[in-house]
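Okay, so here's the structure we're looking at.
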Amino acid sequence: MTTPDLPTLLEWYSQMWTIRFFEDNAIDSYRKGLFGGSTHPSIGQEAIAVGAGAALRSDDQVLATYRGHGHAIARGLNLNAMMAELLCKDSGCCRGRGGSMHLCDVSRSFLGTNAVVAAHIPIAGGVALSNKLRRNGRVTAVFFGDGSTCEGAFFETLNMAALWKLPLVMVCENNGYAISVPTSKAIPDADVARRALGFSLPGVTVDGNDPLEVWTAVSTAVTRARQGEGPTLVECKTTRWERHSAISAGKYDNEEEAMKWKRVDPIPRFAIVLRKMGVTEERLEQLRDGAFRANQEALSFAKSSLPPAPETVGDYVYA
Amino acid sequence: MSTRILSMAEAINEAIRHEMRRNPEIILLGQDIGVYGGTFGVYKGLFEEFGDDRVKDGPLCEAATTGFGVGLAIAGMPTIVEIEFCDFLTLASDALCNQAAKMRFFFGGQLKVPLIVRTPVASRLGLGPQHSQSLEAWMMHMPGLRVLIPSNPADAKGLMLAALRDGNPTVFIEHVRLYSTKGDVPEEDIPLPLGKLRVVRTGGDITIATYSGMVGPCLEAAKVLSEEGVDCELLDLRTLAPLDREGICASVRKTGRLVVVHEGHKTAGVGAEIAQTAVEGAFDYLQASIKRVTSEDQPIPTGTLQDIVFPNTTKIIAACREAMA
């Protein structure tokens, strides 16, 4: 594993801002009534999508949750098609049927985001099994929250993936809350990674707000998976700044929690690393502006796109 | 078309074996499907022929096994998951109903989900309330799923071939009591059309619509009624989703009377859907109230007490007489 070079790290920085602005636009568009349903922002968690995404090959498959805009962006999904999907337009990546919680682009091996907690984890296990049976050298990465690790589907998949030594990388984004319930009220151990111990696979915990640390842990897991040694559970500790979903009530109930997020916000933290490497303030500004502009274009594209024709509402139910 | 006598279990086995030879990417998942040959022996010899990779015997965990099936399917590997009793579909229901059934739709047609969940209805074995249910109505309620439910060996082979070539998520429901029943089965691999019922017996006085394990008792009832001068038309629905609504209505338009028979419970059961289908498509032809002969709306008792709860030939005859009165 070679440490990423400076152009790569600058690309990460740009991607983190792209995710941040995408989420800002998503929340703003929702509040303006540009789309119904809801949206689940990943603000504060960008380093995981970017660091883990960078550890994967372009033909590796990725599955994520409804808080999955960042993973889709890290996977290189078209930003216009993504925002159009949020606004339920026909030009959306899923033809406006799925919306914010169901993004997918098979051409990018992004096998979608899912709105049922933990349900996609065994599906990712099946995709990983297909890789193993086909001996194609591909790895499947699945992202989920700490809340998912209380579901049976998670434990059943740990068991089967370890049993069959599947090329599966399981990335838990432990943001401390399942909607309103803190992990202390849901999980007996402070570290989700320790759940792997009972299933005979490695579990590691990293600082999820440091993209380099995430990248390192996920790269190790990917190498292990690709070499046929089986799955790894990587727990990335992070902080969810926004409420669970745009329709949910309340952010954090105390100022102390809010200030904690300010201290760990992954983007300014990563800017410090880049400055130390000699990157100028002007260059950082340029990357931030580029990400902002790309998102403004995506929003304009989405707004000006047409919704699906009413007569096509029943399309795609059966093949 | 040449045929031989096979049991229903052998007919399903043959369909799967032939398709697995044709398509090396078809995978079987489940518990007890290896050397054991499947809970009721449907997979006899498949493990020996196709090996550990394709006949993937595994732990008992219906939720993840079905989820894995969805994953294999969206990766392009058609997968058959065996659920040991249809009562356990409850454990597999998220993967089946929230994932498999909707995934092609919510991803805008980007993926196919060629997943088949095979599961037996084990009613009348006396195994009690958690091993005797007929839950096809639950599955039929879910847009995006196919629900196939054969009553004889030839149809079982044709429907399994159809499911494997169709490429949509399918619940394939097999009646345990029918596994050993024998019948002529074509040697050729000819898929049956989906959404086409079979007229088992033609008649002009009353239509009996049924499927799966109740086709036999209905046929017996029709024979008794024929001696009384009542000429029954017996329909084997075969595929509940898609449902041959026109086939049902055409028969009711001819006979003017309808009795629906099934082993699932009455309330919000398949019979209610069939009855309303006839009301919508053949109302002006109906000469009598539509009757339903079903399991009672209560849990199935263990042992012989179950007999009171299930439909039977006597109850079918009584319902037909009422409809004729």
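Chain identifiers are assigned as A, B, and so on, following the order in which chains appear in the structure tokens; residues are numbered from 1 within each chain, and ligands are numbered from 1 in order of appearance.
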Per-residue nearest contacts stretch 236-268 of chain B to stretch 196-216 of chain B, cut-off 8 Å, using only C-alpha atoms, as CSV:
residue,atom,partner,partner_atom,distance
B:Asp236,CA,B:Tyr211,CA,4.8
B:Leu237,CA,B:Leu197,CA,4.4
B:Arg238,CA,B:Leu197,CA,5.7
B:Thr239,CA,B:Lys196,CA,7.0
B:Leu243,CA,B:Lys196,CA,7.4
B:Asp244,CA,B:Lys196,CA,5.3
B:Gly247,CA,B:Leu197,CA,6.6
B:Ile248,CA,B:Ala209,CA,7.6
B:Ser251,CA,B:Thr207,CA,6.5
B:Val252,CA,B:Thr207,CA,6.1
B:Lys254,CA,B:Gly204,CA,6.5
B:Thr255,CA,B:Asp205,CA,4.8
B:Gly256,CA,B:Ile206,CA,6.6
B:Arg257,CA,B:Ile206,CA,4.7
B:Leu258,CA,B:Thr207,CA,4.8
B:Val259,CA,B:Ile208,CA,4.8
B:Val260,CA,B:Ala209,CA,4.8
B:Val261,CA,B:Thr210,CA,5.0
B:His262,CA,B:Thr210,CA,6.0
B:Glu263,CA,B:Met214,CA,7.2
Practice item. Output the contact residues of chain B with respect to chain A at a cut-off of 7 Å, based on only C-alpha atoms, as a ChimeraX atom specification. Key: /B:53,61,63-64,67-72,75,95,104-110,112,144,167-168
Practice item. From a DSSP pass on the backbone, collect the residues of stretch 13-195 of chain B flagged as strand (DSSP E) and hand them back as a VMD selection string. Key: chain B and resid 27 to 30 55 to 57 79 to 82 115 to 121 146 to 148 170 to 175 182 to 186
**Study point:** Residues within 9 Å of B:Ser180, only C-alpha atoms, excluding chain neighbours under 2 positions, as a PyMOL selection string
**Key:** chain B and resi 6-10+176-178+182
Dump of C-alpha atoms for the selected residues, as a PDB file, in the first residue's frame:
ATOM      1  CA  LEU B   6     -42.252 -38.622 -12.529  1.00  0.00           C
ATOM      2  CA  SER B   7     -43.133 -37.484  -9.046  1.00  0.00           C
ATOM      3  CA  MET B   8     -43.554 -33.746  -8.465  1.00  0.00           C
ATOM      4  CA  ALA B   9     -40.283 -33.652  -6.525  1.00  0.00           C
ATOM      5  CA  GLU B  10     -38.512 -35.350  -9.437  1.00  0.00           C
ATOM      6  CA  VAL B 176     -45.599 -31.340   0.615  1.00  0.00           C
ATOM      7  CA  ARG B 177     -48.464 -33.763   0.102  1.00  0.00           C
ATOM      8  CA  LEU B 178     -47.956 -33.492  -3.667  1.00  0.00           C
ATOM      9  CA  LYS B 182     -46.852 -39.012  -9.960  1.00  0.00           C
TER      10      LYS B 182
END
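Using only C-alpha atoms, the protein and nucleic acid residues lying no more than 12 Å from A:Val204, apart from those fewer than 6 places from it along its own chain, are Val169, Met170, Val171, Cys172, Asp191, Val192, Ala193, Arg194, Arg195, Ala196, Leu197, Glu213, Val214, Thr216, Ala217, Val218, Thr220, Ala221, Pro231, Thr232, Leu233, Val234, Glu235, Cys236 and Lys237 of chain A.
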Take the residues from that selection and put them in a file with C-alpha atoms, as an mmCIF file, in the first residue's frame.
data_model
loop_
_atom_site.group_PDB
_atom_site.id
_atom_site.type_symbol
_atom_site.label_atom_id
_atom_site.label_comp_id
_atom_site.auth_asym_id
_atom_site.auth_seq_id
_atom_site.Cartn_x
_atom_site.Cartn_y
_atom_site.Cartn_z
ATOM 1 C CA VAL A 169 -15.323 -5.075 3.509
ATOM 2 C CA MET A 170 -17.836 -3.980 6.127
ATOM 3 C CA VAL A 171 -17.498 -0.329 7.044
ATOM 4 C CA CYS A 172 -19.456 0.866 10.055
ATOM 5 C CA ASP A 191 -16.498 -0.216 20.099
ATOM 6 C CA VAL A 192 -18.663 -1.735 17.376
ATOM 7 C CA ALA A 193 -15.533 -3.351 15.933
ATOM 8 C CA ARG A 194 -15.407 -5.753 18.873
ATOM 9 C CA ARG A 195 -18.582 -7.364 17.553
ATOM 10 C CA ALA A 196 -16.362 -9.030 14.952
ATOM 11 C CA LEU A 197 -14.530 -11.030 17.623
ATOM 12 C CA GLU A 213 -6.671 6.775 8.680
ATOM 13 C CA VAL A 214 -9.870 5.459 7.071
ATOM 14 C CA THR A 216 -5.272 2.924 5.567
ATOM 15 C CA ALA A 217 -7.656 0.637 7.467
ATOM 16 C CA VAL A 218 -9.923 0.025 4.496
ATOM 17 C CA THR A 220 -5.718 -3.298 4.567
ATOM 18 C CA ALA A 221 -9.213 -4.821 4.616
ATOM 19 C CA PRO A 231 -14.075 -10.058 5.478
ATOM 20 C CA THR A 232 -13.051 -7.286 7.874
ATOM 21 C CA LEU A 233 -15.201 -5.032 10.008
ATOM 22 C CA VAL A 234 -13.863 -1.482 9.992
ATOM 23 C CA GLU A 235 -15.470 0.868 12.493
ATOM 24 C CA CYS A 236 -15.054 4.544 11.692
ATOM 25 C CA LYS A 237 -15.904 6.760 14.628
#
Exercise for review: For atom CA of A:Ala190 and atom CA of B:Pro59, determine how far apart the two atoms are, in Å to one decimal place.
Suggested key: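 For atom CA of A:Ala190 relative to atom CA of B:Pro59, the distance reads 28.9 Å.
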Point to revise | stretch 48-60 of chain A surroundings by only C-alpha atoms, 7 Å radius, close-in-sequence under 4 positions cut, as a PyMOL selection string | key: chain A and resi 12+15-16+70-71+74-75+109+138-140+208-209+211-212+214-215+218-219
Please produce a file of those selected residues containing C-alpha atoms, as a short mmCIF file (atom, residue, chain, number, x, y, z; two decimals), in the first residue's frame.
data_model
loop_
_atom_site.label_atom_id
_atom_site.label_comp_id
_atom_site.auth_asym_id
_atom_site.auth_seq_id
_atom_site.Cartn_x
_atom_site.Cartn_y
_atom_site.Cartn_z
CA TRP A 12 -10.00 13.91 -1.66
CA GLN A 15 -14.55 15.40 -2.95
CA MET A 16 -15.23 16.17 0.71
CA GLY A 70 -21.24 10.73 -0.03
CA HIS A 71 -20.54 7.16 -1.10
CA ALA A 74 -16.91 9.10 -3.96
CA ARG A 75 -17.88 6.42 -6.46
CA SER A 109 -20.53 -0.68 -9.73
CA ARG A 138 -13.46 -7.97 -7.16
CA VAL A 139 -14.20 -6.84 -3.63
CA THR A 140 -17.55 -5.64 -2.26
CA GLY A 208 -13.53 8.27 10.91
CA ASN A 209 -12.89 11.96 10.55
CA PRO A 211 -9.57 10.27 5.60
CA LEU A 212 -6.00 8.95 5.68
CA VAL A 214 -9.87 5.46 7.07
CA TRP A 215 -8.03 4.86 3.81
CA VAL A 218 -9.92 0.02 4.50
CA SER A 219 -6.94 -0.60 2.19
#
Check your understanding: Separation of atom CA of B:Glu187 and atom CA of B:Glu49, in Å?
Key ->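 One can read the atom CA of B:Glu187 to atom CA of B:Glu49 distance as 19.4 Å.
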Review point. If you measure from atom CA of B:Asp57 to atom CA of B:Tyr36, what distance in Å do you get, rounded to one decimal?
Key: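 Value for the atom CA of B:Asp57-atom CA of B:Tyr36 distance: 9.3 Å.
Counting only C-alpha atoms, the residue from A:Glu256, A:Glu23, A:Glu11, A:Asp5 that sits nearest to A:Leu287 is A:Glu11.
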Point to revise | Residue neighbourhood B:Arg118, 10 Å, only C-alpha atoms, exclusion window fewer than 5 positions, as a ChimeraX atom specification | key: /B:30,80-86,148,160,170-174
Check your understanding: For B:Leu219, which residue out of B:Glu233, B:Asp284, B:Glu14, B:Glu296 is the nearest one, using only C-alpha atoms?
Key ->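 Smallest separation from B:Leu219 among the options: B:Glu233.
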Practice item. List every residue of stretch 50-227 of chain A that DSSP, applied to the backbone of this structure, assigns to alpha helix (DSSP H), and report them as number ranges by chain. Key: A: 50-54, 69-74, 79-86, 120-134, 152-163, 211-226
